[in-house]
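One file, start_36.tsv, carrying TSV, C-alpha atoms:
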chain	number	residue	atom	x	y	z
B	1	MET	CA	102.35	113.84	116.34
B	2	THR	CA	102.83	115.27	112.86
B	3	THR	CA	99.94	114.73	110.43
B	4	ILE	CA	100.51	113.50	106.90
B	5	ASP	CA	99.44	116.89	105.52
B	6	GLU	CA	101.87	118.71	107.81
B	7	TYR	CA	104.61	116.34	106.73
B	8	ALA	CA	103.86	116.86	103.03
B	9	ALA	CA	103.90	120.63	103.53
B	10	THR	CA	107.56	120.53	104.64
B	11	PHE	CA	108.66	119.68	101.09
B	12	GLY	CA	109.03	122.13	98.25
B	13	GLU	CA	110.00	120.36	95.03
B	14	GLU	CA	108.63	121.86	91.81
B	15	PRO	CA	105.47	120.33	90.29
B	16	GLY	CA	106.13	117.55	87.80
B	17	TYR	CA	108.66	115.65	89.90
B	18	LEU	CA	107.95	111.89	89.74
B	19	ASP	CA	111.43	110.49	90.28
B	20	PHE	CA	111.70	109.74	94.01
B	21	ALA	CA	113.05	106.27	93.22
B	22	ARG	CA	116.09	108.12	91.86
B	23	VAL	CA	116.45	110.83	94.51
B	24	GLY	CA	114.03	112.41	96.99
B	25	PRO	CA	114.52	116.18	97.33
B	26	PRO	CA	115.06	117.02	101.02
B	27	GLY	CA	112.46	119.10	102.81
B	28	ARG	CA	112.56	121.93	105.29
B	29	THR	CA	113.15	119.73	108.35
B	30	VAL	CA	116.32	118.26	106.88
B	31	THR	CA	117.68	121.49	105.46
B	32	ASP	CA	116.99	123.39	108.70
B	33	ASP	CA	118.88	120.74	110.67
B	34	GLN	CA	121.75	120.80	108.22
B	35	ASN	CA	121.94	124.59	108.34
B	36	ALA	CA	121.97	124.57	112.14
B	37	GLN	CA	124.76	122.00	112.29
B	38	THR	CA	126.75	123.77	109.57
B	39	GLY	CA	126.39	126.99	111.55
B	40	LEU	CA	127.84	125.31	114.62
B	41	LEU	CA	130.75	124.01	112.60
B	42	GLY	CA	131.32	127.35	110.90
B	43	ARG	CA	131.43	129.36	114.11
B	44	ALA	CA	133.51	126.75	115.96
B	45	ARG	CA	132.38	128.20	119.26
B	46	PHE	CA	133.90	126.60	122.36
B	47	GLY	CA	132.41	123.11	122.82
B	48	THR	CA	130.42	123.02	119.57
B	49	ILE	CA	132.81	120.81	117.58
B	50	ASP	CA	132.65	118.11	120.26
B	51	SER	CA	128.85	118.31	120.23
B	52	LEU	CA	128.84	117.08	116.63
B	53	ASP	CA	130.09	113.71	117.88
B	54	LEU	CA	126.66	113.18	119.47
B	55	GLU	CA	125.11	112.81	116.01
B	56	ASP	CA	126.33	109.21	115.72
B	57	GLN	CA	124.21	108.04	118.65
B	58	ARG	CA	121.31	110.19	117.46
B	59	VAL	CA	121.27	108.73	113.96
B	60	ARG	CA	121.57	105.14	115.18
B	61	GLN	CA	118.61	105.68	117.49
B	62	ALA	CA	116.64	107.19	114.60
B	63	VAL	CA	117.41	104.17	112.38
B	64	SER	CA	116.46	101.88	115.26
B	65	ALA	CA	113.04	103.50	115.58
B	66	VAL	CA	112.22	102.67	111.95
B	67	THR	CA	113.92	99.27	111.60
B	68	ARG	CA	113.35	97.94	115.13
B	69	PHE	CA	117.02	96.84	115.28
B	70	PRO	CA	118.76	97.82	118.53
B	71	ALA	CA	120.82	100.99	118.14
B	72	ASP	CA	124.01	99.17	119.16
B	73	GLN	CA	123.52	96.79	116.21
B	74	ILE	CA	123.52	99.65	113.70
B	75	ALA	CA	126.46	101.40	112.04
B	76	PHE	CA	126.14	104.59	110.03
B	77	GLN	CA	127.30	104.21	106.41
B	78	PRO	CA	127.71	106.91	103.75
B	79	THR	CA	126.03	104.83	101.03
B	80	THR	CA	124.06	101.64	100.48
B	81	SER	CA	126.88	100.34	98.29
B	82	ILE	CA	129.49	100.62	101.05
B	83	GLY	CA	127.18	98.81	103.46
B	84	LEU	CA	126.71	96.02	100.91
B	85	MET	CA	130.47	95.80	100.40
B	86	HIS	CA	130.94	95.35	104.16
B	87	ALA	CA	128.35	92.56	104.14
B	88	MET	CA	129.55	90.71	101.04
B	89	PHE	CA	133.24	90.85	101.95
B	90	GLY	CA	132.33	89.45	105.36
B	91	ILE	CA	130.56	86.30	104.15
B	92	THR	CA	131.97	82.82	103.65
B	93	GLY	CA	129.89	80.51	101.44
B	94	GLY	CA	127.36	80.82	98.67
B	95	VAL	CA	125.16	83.93	98.38
B	96	ALA	CA	122.01	83.54	96.30
B	97	MET	CA	120.63	86.60	94.52
B	98	SER	CA	119.01	87.65	91.28
B	99	PRO	CA	121.51	88.80	88.63
B	100	ALA	CA	119.03	91.60	87.88
B	101	GLU	CA	119.36	93.25	91.29
B	102	PHE	CA	120.58	96.84	91.38
B	103	PRO	CA	124.29	96.61	90.42
B	104	ALA	CA	125.53	97.54	93.92
B	105	MET	CA	124.60	94.06	95.15
B	106	PRO	CA	126.04	91.77	92.44
B	107	PHE	CA	129.11	94.00	92.12
B	108	ALA	CA	129.80	93.65	95.84
B	109	ALA	CA	129.38	89.87	95.66
B	110	VAL	CA	131.59	89.42	92.61
B	111	ARG	CA	134.28	91.79	93.91
B	112	SER	CA	134.36	89.81	97.15
B	113	ALA	CA	134.58	86.50	95.28
B	114	GLU	CA	137.41	87.79	93.11
B	115	ALA	CA	139.39	89.32	95.97
B	116	LEU	CA	138.99	86.81	98.79
B	117	GLY	CA	137.75	83.63	97.13
B	118	VAL	CA	135.52	82.65	100.05
B	119	LEU	CA	132.16	83.88	98.68
B	120	THR	CA	130.42	82.23	95.75
B	121	PRO	CA	127.64	84.14	93.95
B	122	ILE	CA	124.66	81.89	93.18
B	123	TRP	CA	122.46	83.48	90.50
B	124	LEU	CA	118.76	82.89	90.99
B	125	GLU	CA	116.21	82.47	88.24
B	126	THR	CA	113.30	84.81	88.93
B	127	ASP	CA	109.59	84.98	88.22
B	128	HIS	CA	109.70	87.62	85.46
B	129	GLY	CA	112.14	89.67	87.51
B	130	ARG	CA	110.41	89.05	90.83
B	131	VAL	CA	112.23	87.27	93.64
B	132	THR	CA	109.62	85.21	95.51
B	133	PRO	CA	109.73	82.70	98.36
B	134	GLY	CA	108.71	79.99	95.91
B	135	ASN	CA	111.49	80.47	93.39
B	136	ILE	CA	114.06	80.83	96.19
B	137	ARG	CA	112.85	77.59	97.81
B	138	ASP	CA	113.14	75.70	94.53
B	139	GLN	CA	116.76	76.81	94.05
B	140	LEU	CA	118.18	76.44	97.56
B	141	ALA	CA	121.27	74.25	97.82
B	142	PRO	CA	123.36	73.09	100.80
B	143	GLY	CA	126.24	75.46	100.01
B	144	ILE	CA	124.12	78.60	100.18
B	145	ALA	CA	124.94	80.54	103.34
B	146	ALA	CA	122.92	83.66	102.59
B	147	VAL	CA	120.16	85.04	100.39
B	148	ALA	CA	120.28	88.67	99.26
B	149	VAL	CA	117.24	90.58	97.99
B	150	SER	CA	116.03	94.12	97.40
B	151	LEU	CA	113.09	95.18	99.50
B	152	VAL	CA	111.65	96.84	96.39
B	153	ASP	CA	113.03	95.98	92.96
B	154	PHE	CA	114.29	99.10	91.21
B	155	ARG	CA	113.25	97.79	87.77
B	156	THR	CA	109.81	96.33	88.43
B	157	GLY	CA	108.68	98.11	91.61
B	158	TYR	CA	107.93	94.72	93.16
B	159	LEU	CA	107.82	94.61	96.98
B	160	VAL	CA	109.30	91.34	98.22
B	161	ASP	CA	107.75	89.10	100.85
B	162	LEU	CA	110.45	89.21	103.53
B	163	GLU	CA	108.55	87.02	105.98
B	164	GLY	CA	107.89	84.39	103.30
B	165	ILE	CA	111.55	84.40	102.26
B	166	ARG	CA	112.65	84.03	105.89
B	167	GLN	CA	110.40	80.99	106.27
B	168	VAL	CA	111.86	79.18	103.26
B	169	ILE	CA	115.56	79.94	103.83
B	170	GLY	CA	115.69	78.79	107.44
B	171	ASP	CA	118.75	79.93	109.39
B	172	ARG	CA	120.65	81.23	106.37
B	173	LEU	CA	121.51	84.91	106.50
B	174	LEU	CA	118.91	87.18	104.91
B	175	ILE	CA	120.49	90.31	103.42
B	176	VAL	CA	118.18	93.15	102.40
B	177	ASP	CA	118.99	96.17	100.24
B	178	ALA	CA	116.16	98.35	101.53
B	179	ILE	CA	116.83	101.64	99.75
B	180	GLN	CA	113.82	101.57	97.39
B	181	GLY	CA	111.38	101.20	100.26
B	182	PHE	CA	113.08	102.40	103.41
B	183	GLY	CA	111.01	105.11	105.06
B	184	VAL	CA	107.84	104.40	103.09
B	185	VAL	CA	107.33	100.65	103.58
B	186	ASP	CA	106.57	99.29	107.05
B	187	ALA	CA	108.55	96.13	106.37
B	188	PRO	CA	109.32	93.41	108.95
B	189	PHE	CA	113.01	94.28	108.99
B	190	GLU	CA	113.50	92.30	112.17
B	191	VAL	CA	113.27	89.00	110.21
B	192	ALA	CA	116.41	89.99	108.26
B	193	ASP	CA	120.01	89.57	109.36
B	194	VAL	CA	121.52	92.42	107.36
B	195	VAL	CA	119.60	95.54	106.37
B	196	VAL	CA	121.34	98.19	104.31
B	197	SER	CA	119.97	101.45	102.98
B	198	GLY	CA	120.87	104.94	101.92
B	199	GLY	CA	118.87	108.05	102.75
B	200	GLN	CA	118.90	109.94	99.46
B	201	LYS	CA	115.76	108.39	97.98
B	202	TRP	CA	112.51	107.86	99.90
B	203	THR	CA	113.91	109.07	103.23
B	204	ARG	CA	114.76	112.38	101.51
B	205	ALA	CA	117.88	113.01	103.60
B	206	GLY	CA	120.31	113.74	100.78
B	207	TRP	CA	123.43	111.95	99.62
B	208	GLY	CA	126.08	110.68	102.01
B	209	THR	CA	123.58	109.06	104.37
B	210	GLY	CA	122.87	105.41	105.13
B	211	PHE	CA	123.23	102.54	107.57
B	212	LEU	CA	124.10	98.90	108.10
B	213	ALA	CA	121.97	97.01	110.63
B	214	LEU	CA	123.00	93.53	111.78
B	215	SER	CA	121.26	90.77	113.69
B	216	GLU	CA	123.12	88.91	116.42
B	217	ARG	CA	123.55	86.02	113.98
B	218	ALA	CA	125.09	88.33	111.37
B	219	ILE	CA	127.44	89.84	113.95
B	220	GLU	CA	128.66	86.34	114.81
B	221	GLN	CA	129.04	85.17	111.20
B	222	LEU	CA	130.30	88.20	109.27
B	223	THR	CA	133.99	89.07	109.24
B	224	PRO	CA	134.68	92.84	109.41
B	225	VAL	CA	137.21	92.90	106.56
B	226	PHE	CA	137.24	96.67	106.22
B	227	SER	CA	137.52	97.84	109.82
B	228	GLY	CA	139.21	101.13	110.59
B	229	PHE	CA	140.83	102.86	113.50
B	230	ASN	CA	137.48	104.00	114.92
B	231	ALA	CA	136.12	100.44	114.95
B	232	THR	CA	138.00	99.05	117.95
B	233	GLU	CA	137.21	98.73	121.65
B	234	SER	CA	139.54	101.62	122.44
B	235	GLU	CA	137.83	104.50	124.24
B	236	GLY	CA	140.11	107.01	122.54
B	237	MET	CA	142.31	107.16	119.48
B	238	PRO	CA	144.21	103.82	119.28
B	239	LEU	CA	147.76	105.20	119.13
B	240	ALA	CA	149.63	102.32	120.77
B	241	GLY	CA	149.21	99.87	117.90
B	242	VAL	CA	146.68	98.29	115.56
B	243	LEU	CA	143.93	96.81	117.70
B	244	PRO	CA	141.48	94.11	116.58
B	245	PRO	CA	137.96	95.10	115.49
B	246	MET	CA	135.36	95.51	118.19
B	247	HIS	CA	132.58	92.94	118.50
B	248	GLY	CA	129.40	94.24	116.92
B	249	ALA	CA	128.10	96.43	114.12
B	250	GLY	CA	130.59	99.14	115.05
B	251	ALA	CA	133.38	96.96	113.65
B	252	PHE	CA	132.07	97.70	110.16
B	253	ARG	CA	133.36	101.27	110.10
B	254	VAL	CA	136.37	102.60	108.25
B	255	SER	CA	136.75	106.20	109.39
B	256	ASN	CA	135.01	108.97	111.27
B	257	PRO	CA	131.61	109.78	109.73
B	258	ASP	CA	130.31	113.13	108.50
B	259	PRO	CA	128.28	114.38	111.50
B	260	ILE	CA	126.29	116.82	109.39
B	261	ALA	CA	125.23	113.97	107.08
B	262	GLN	CA	124.28	112.01	110.19
B	263	SER	CA	122.19	114.94	111.41
B	264	ARG	CA	120.35	115.16	108.08
B	265	PHE	CA	119.56	111.45	108.15
B	266	ALA	CA	118.50	111.58	111.80
B	267	ALA	CA	116.25	114.59	111.21
B	268	ALA	CA	114.53	112.87	108.27
B	269	LEU	CA	114.02	109.62	110.18
B	270	GLU	CA	112.81	111.32	113.35
B	271	GLU	CA	110.12	113.06	111.33
B	272	ILE	CA	109.18	109.83	109.56
B	273	ALA	CA	108.83	108.06	112.92
B	274	ASP	CA	106.70	110.94	114.20
B	275	VAL	CA	104.35	110.80	111.22
B	276	GLY	CA	104.34	107.00	111.06
B	277	VAL	CA	105.57	104.83	108.19
B	278	GLN	CA	102.12	103.27	107.79
B	279	GLN	CA	100.55	106.70	107.28
B	280	ILE	CA	103.21	107.65	104.75
B	281	ASN	CA	102.74	104.36	102.93
B	282	ALA	CA	98.96	104.83	102.76
B	283	ALA	CA	99.33	108.34	101.33
B	284	ILE	CA	101.81	107.18	98.70
B	285	ALA	CA	99.57	104.22	97.81
B	286	GLN	CA	96.82	106.66	96.84
B	287	LYS	CA	99.21	108.62	94.63
B	288	VAL	CA	100.46	105.43	92.99
B	289	SER	CA	96.89	104.31	92.29
B	290	ARG	CA	96.20	107.62	90.56
B	291	ILE	CA	99.27	107.20	88.34
B	292	ILE	CA	98.11	103.70	87.40
B	293	ASP	CA	94.61	105.01	86.63
B	294	LEU	CA	96.05	107.70	84.35
B	295	ALA	CA	98.22	105.16	82.55
B	296	ASP	CA	95.16	102.95	82.04
B	297	GLU	CA	93.09	105.89	80.81
B	298	TYR	CA	95.61	106.60	78.05
B	299	ALA	CA	96.36	102.93	77.30
B	300	VAL	CA	99.96	102.92	78.49
B	301	ALA	CA	100.82	99.39	79.63
B	302	VAL	CA	101.57	99.13	83.35
B	303	VAL	CA	104.10	96.36	83.98
B	304	SER	CA	104.69	96.96	87.70
B	305	PRO	CA	102.46	95.41	90.39
B	306	ARG	CA	98.93	96.73	90.82
B	307	ASP	CA	98.23	94.96	94.11
B	308	GLU	CA	99.06	97.28	97.04
B	309	ALA	CA	100.59	94.31	98.89
B	310	GLU	CA	103.17	93.92	96.11
B	311	ARG	CA	104.11	97.53	95.45
B	312	ALA	CA	105.57	100.59	97.14
B	313	GLY	CA	105.99	103.96	95.40
B	314	ILE	CA	107.05	102.88	91.90
B	315	VAL	CA	104.95	102.58	88.74
B	316	VAL	CA	106.62	101.19	85.62
B	317	VAL	CA	105.04	101.61	82.19
B	318	GLU	CA	106.16	100.02	78.95
B	319	PRO	CA	104.91	101.50	75.69
B	320	ALA	CA	105.44	99.77	72.37
B	321	ALA	CA	109.10	100.00	71.37
B	322	ASP	CA	108.37	102.41	68.53
B	323	GLN	CA	106.36	104.65	70.88
B	324	LEU	CA	108.91	105.03	73.69
B	325	THR	CA	110.48	108.16	72.24
B	326	VAL	CA	107.06	109.76	71.83
B	327	LEU	CA	106.19	109.07	75.46
B	328	THR	CA	109.49	110.32	76.88
B	329	ALA	CA	109.33	113.42	74.68
B	330	SER	CA	105.78	114.15	75.87
B	331	LEU	CA	106.83	113.81	79.50
B	332	PHE	CA	109.84	116.05	78.91
B	333	ASN	CA	107.85	118.70	77.05
B	334	HIS	CA	105.35	118.92	79.91
B	335	GLY	CA	108.05	119.14	82.59
B	336	VAL	CA	107.50	115.70	84.14
B	337	THR	CA	110.66	114.21	85.65
B	338	THR	CA	110.93	110.41	85.38
B	339	THR	CA	113.54	107.72	84.73
B	340	THR	CA	113.70	105.83	81.42
B	341	ARG	CA	115.63	102.58	81.29
B	342	GLU	CA	115.57	99.43	79.13
B	343	GLY	CA	112.52	100.51	77.15
B	344	ARG	CA	110.46	101.33	80.24
B	345	VAL	CA	109.53	104.52	82.05
B	346	ARG	CA	109.58	104.55	85.86
B	347	LEU	CA	107.36	107.01	87.70
B	348	SER	CA	107.59	107.33	91.47
B	349	ALA	CA	105.47	109.48	93.77
B	350	HIS	CA	105.80	110.68	97.36
B	351	VAL	CA	103.44	112.29	99.87
B	352	SER	CA	104.21	115.74	98.44
B	353	THR	CA	103.20	114.83	94.89
B	354	ASP	CA	100.54	117.47	94.23
B	355	GLU	CA	97.60	118.17	91.93
B	356	ASP	CA	99.73	120.25	89.58
B	357	THR	CA	101.96	117.23	89.07
B	358	PHE	CA	99.00	115.01	88.21
B	359	ASP	CA	97.71	117.67	85.81
B	360	MET	CA	101.12	117.76	84.11
B	361	LEU	CA	101.20	113.97	83.90
B	362	ARG	CA	97.71	113.87	82.44
B	363	ALA	CA	98.63	116.50	79.85
B	364	SER	CA	101.75	114.61	78.84
B	365	LEU	CA	99.85	111.33	78.46
B	366	LEU	CA	97.16	113.08	76.41
B	367	SER	CA	99.83	114.49	74.09
B	368	TYR	CA	101.38	111.04	73.82
B	369	ALA	CA	98.04	109.36	73.04
B	370	THR	CA	97.21	112.01	70.45
B	371	ALA	CA	100.60	111.70	68.76
B	372	ILE	CA	100.53	107.94	68.35
B	373	ARG	CA	97.09	108.13	66.73
B	374	LEU	CA	98.22	110.56	64.03

What's the structure tokens form of this structure?
Amino acid sequence: MTTIDEYAATFGEEPGYLDFARVGPPGRTVTDDQNAQTGLLGRARFGTIDSLDLEDQRVRQAVSAVTRFPADQIAFQPTTSIGLMHAMFGITGGVAMSPAEFPAMPFAAVRSAEALGVLTPIWLETDHGRVTPGNIRDQLAPGIAAVAVSLVDFRTGYLVDLEGIRQVIGDRLLIVDAIQGFGVVDAPFEVADVVVSGGQKWTRAGWGTGFLALSERAIEQLTPVFSGFNATESEGMPLAGVLPPMHGAGAFRVSNPDPIAQSRFAAALEEIADVGVQQINAAIAQKVSRIIDLADEYAVAVVSPRDEAERAGIVVVEPAADQLTVLTASLFNHGVTTTTREGRVRLSAHVSTDEDTFDMLRASLLSYATAIRL
């Protein structure tokens, strides 16, 4: 069992990094695994190339341990967006979602509607950007076949109530873009029908990593529109003709995956499972509380949730419009990495966020507060 301190010690990003909601720098466990697999590929010793094929089963088992979906109901995907495309192109009927979701979701829905004409996007009104069971319930209509949500909203940092949403939508498909919480939120993924995530953010596995997990209901209802030669029941290369897609999550594959990307993702998830998502979440919650306290100390308005039950690793602050440039300049001048979008600054911490980073954040906020008083 790896302790939270041992886990944090495997990472080596420079102080001042508060942008894990954008990308999480991989740690030693992931890079060591990648280097080992790359070494095998580079030497091409007898039998080593074939051994890379084992990474597919390994990564699906690693995803299973965190999501609680059976491994045979999981397909590796190179990005969240591709997983969402598979899901949206496979649906017939109305799909309800907020128009303010991360673009990967509405783009997939609209592209499917335009290309196939069997999906209808239904745009939900939200509670100040938050998708809640209540506002979904009030907008449900007979033609809605699925509801799509983000586990954590990338703009507001709001953590959705998956169990509450499941209760109000009944047997409609529940599609979850989990990327802003996967690996750091112990969510009840098993209540969802489709869970999609990438590994480059909170999982800290680098780009080119992700998955699509499907419930039995989703497997029965989704059509595998993009289904490649490696997605059939054939035990070998299907050379005798174009075979139909296999039954199951494996049908939602287009080509052979990158086994080294799979190894990175598996290594990251195996370590997360060993540490425990709850322990990781608790450590991040403390870091997030400290960021909120610093924002309060220097009178920077926090517009993301304060309640631990409604947040994950994201803090969003919104200075007055004429003070935004001062704040972003202060953060930049003190070496604090954040994301600024739509007049707001998003700060996101991980278990490896250290005291030097908090000192740099404090110094930047002090400079900001001093400047706006002059």

* **Residues within 12 Å of Ile49 (chain B), only C-alpha atoms, excluding chain neighbours under 6 positions, as a PyMOL selection string** => chain B and resi 37-43+55+259-260

Just-selected residues, C-alpha atoms written as an mmCIF file, keeping the file's coordinate frame:
data_model
loop_
_atom_site.group_PDB
_atom_site.id
_atom_site.type_symbol
_atom_site.label_atom_id
_atom_site.label_comp_id
_atom_site.auth_asym_id
_atom_site.auth_seq_id
_atom_site.Cartn_x
_atom_site.Cartn_y
_atom_site.Cartn_z
ATOM 1 C CA GLN B 37 124.760 122.000 112.290
ATOM 2 C CA THR B 38 126.750 123.770 109.570
ATOM 3 C CA GLY B 39 126.390 126.990 111.550
ATOM 4 C CA LEU B 40 127.840 125.310 114.620
ATOM 5 C CA LEU B 41 130.750 124.010 112.600
ATOM 6 C CA GLY B 42 131.320 127.350 110.900
ATOM 7 C CA ARG B 43 131.430 129.360 114.110
ATOM 8 C CA GLU B 55 125.110 112.810 116.010
ATOM 9 C CA PRO B 259 128.280 114.380 111.500
ATOM 10 C CA ILE B 260 126.290 116.820 109.390
#

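The closest residue to Thr29 (chain B), picked from B:Glu235, B:Glu6, B:Asp293, B:Asp50 and counting only C-alpha atoms, is B:Glu6.
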
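Counting all atoms listed in the file, the residue from B:Thr126, B:Asn281, B:Gln167, B:Ser263 that sits nearest to Ala309 (chain B) is B:Asn281.
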
* Structure fact -> Atom pair CA of Gly83 (chain B) + CA of Glu216 (chain B), distance 16.8 Å

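Among the candidates B:Val277, B:Val315, B:Met85, B:Ala104, the residue lying nearest to Thr2 (chain B) is B:Val277 (atoms considered: only C-alpha atoms).
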
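Among B:Pro142, B:Gly183, B:Gly241, B:Gly117, the residue with the shortest atom-to-atom distance to Glu271 (chain B), counting all atoms listed in the file, is B:Gly183.
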
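Rounded to one decimal, CA of Asp56 (chain B) and CA of Ile219 (chain B) lie 19.5 Å from each other.
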
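In this structure, CA of Ser255 (chain B) sits 6.0 Å away from CA of Asn230 (chain B).
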
* Find the residues near region 331-340 of chain B: any atom within 9 Å, counting only C-alpha atoms, skip ones fewer than 5 places away on the same chain, and give them as a PyMOL selection string. => chain B and resi 15-22+326+345-348+357+360-361+363-365+367-368

* Asked: Leaving out Pro99 (chain B) and any residue of its chain fewer than 3 positions from it, which residues lie within 7 Å of it when counting only C-alpha atoms, given as JSON, numbers by chain?
  -> {"B": [106, 123, 124]}

* If you count all atoms listed in the file, which residues fall within 9 Å of Ala301 (chain B), apart from same-chain ones fewer than 6 positions away, as JSON, numbers by chain? -> {"B": [295, 316, 317, 318, 319, 320]}

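The closest residue to Ser197 (chain B), picked from B:Glu13, B:Ala75, B:Val300, B:Ser112 and counting all atoms listed in the file, is B:Ala75.
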
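Compared by their closest atoms to Trp202 (chain B), and using all atoms listed in the file, the residues B:Thr3, B:Ser352, B:Thr232, B:Gln221 rank with B:Ser352 nearest.
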
* **Protein, DNA and RNA residues within 9 Å of (122.3, 75.0, 97.1), only C-alpha atoms, as JSON, numbers by chain** => {"B": [94, 96, 122, 139, 140, 141, 142, 143, 144, 145]}

* Hey, what's within 10 Å of Ala285 (chain B) if we count only C-alpha atoms and toss same-chain stuff fewer than 4 positions away? As a VMD selection string, please? -> chain B and resid 184 279 to 281 289 to 291 308 311 to 314 349 to 351

Please give the centre and size of the box around region 230-242 of chain B (axis-aligned, containing every atom listed in the file, 8 Å added per side), with values in Å to one decimal and written as AutoDock Vina command-line options.
--center_x 142.9 --center_y 102.7 --center_z 119.6 --size_x 29.5 --size_y 24.9 --size_z 25.3

With 6 Å as the cut-off and only C-alpha atoms counted, what is the closest atom pair between each nearby residue of region 152-270 of chain B and region 61-65 of chain B? Distances in Å to one decimal, ordered by chain and number, as JSON lines.
{"residue": "B:Ala266", "atom": "CA", "partner": "B:Ala62", "partner_atom": "CA", "distance": 5.5}
{"residue": "B:Leu269", "atom": "CA", "partner": "B:Ala62", "partner_atom": "CA", "distance": 5.7}
{"residue": "B:Glu270", "atom": "CA", "partner": "B:Ala62", "partner_atom": "CA", "distance": 5.8}

Output file for the residues above (C-alpha atoms, as a compact mmCIF listing (two decimals), in the frame of the given file):
# COMPACT_ATOMS: atom_id res chain seq x y z
CA ALA B 266 118.50 111.58 111.80
CA LEU B 269 114.02 109.62 110.18
CA GLU B 270 112.81 111.32 113.35

* To do: Please write as an MDAnalysis selection string the list of polymer residues whose atoms come within 9 Å of (126.7, 97.2, 103.1), counting all atoms listed in the file and keeping to the coordinates of the file.
  => chainID B and resid 77 79:88 105 108 177 194:197 211:213 252

Selection export as a short mmCIF file (atom, residue, chain, number, x, y, z; two decimals), keeping the file's coordinate frame, atoms kept: C-alpha atoms:
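The resulting file, again.cif, is reproduced below:
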data_model
loop_
_atom_site.label_atom_id
_atom_site.label_comp_id
_atom_site.auth_asym_id
_atom_site.auth_seq_id
_atom_site.Cartn_x
_atom_site.Cartn_y
_atom_site.Cartn_z
CA GLN B 77 127.30 104.21 106.41
CA THR B 79 126.03 104.83 101.03
CA THR B 80 124.06 101.64 100.48
CA SER B 81 126.88 100.34 98.29
CA ILE B 82 129.49 100.62 101.05
CA GLY B 83 127.18 98.81 103.46
CA LEU B 84 126.71 96.02 100.91
CA MET B 85 130.47 95.80 100.40
CA HIS B 86 130.94 95.35 104.16
CA ALA B 87 128.35 92.56 104.14
CA MET B 88 129.55 90.71 101.04
CA MET B 105 124.60 94.06 95.15
CA ALA B 108 129.80 93.65 95.84
CA ASP B 177 118.99 96.17 100.24
CA VAL B 194 121.52 92.42 107.36
CA VAL B 195 119.60 95.54 106.37
CA VAL B 196 121.34 98.19 104.31
CA SER B 197 119.97 101.45 102.98
CA PHE B 211 123.23 102.54 107.57
CA LEU B 212 124.10 98.90 108.10
CA ALA B 213 121.97 97.01 110.63
CA PHE B 252 132.07 97.70 110.16
#
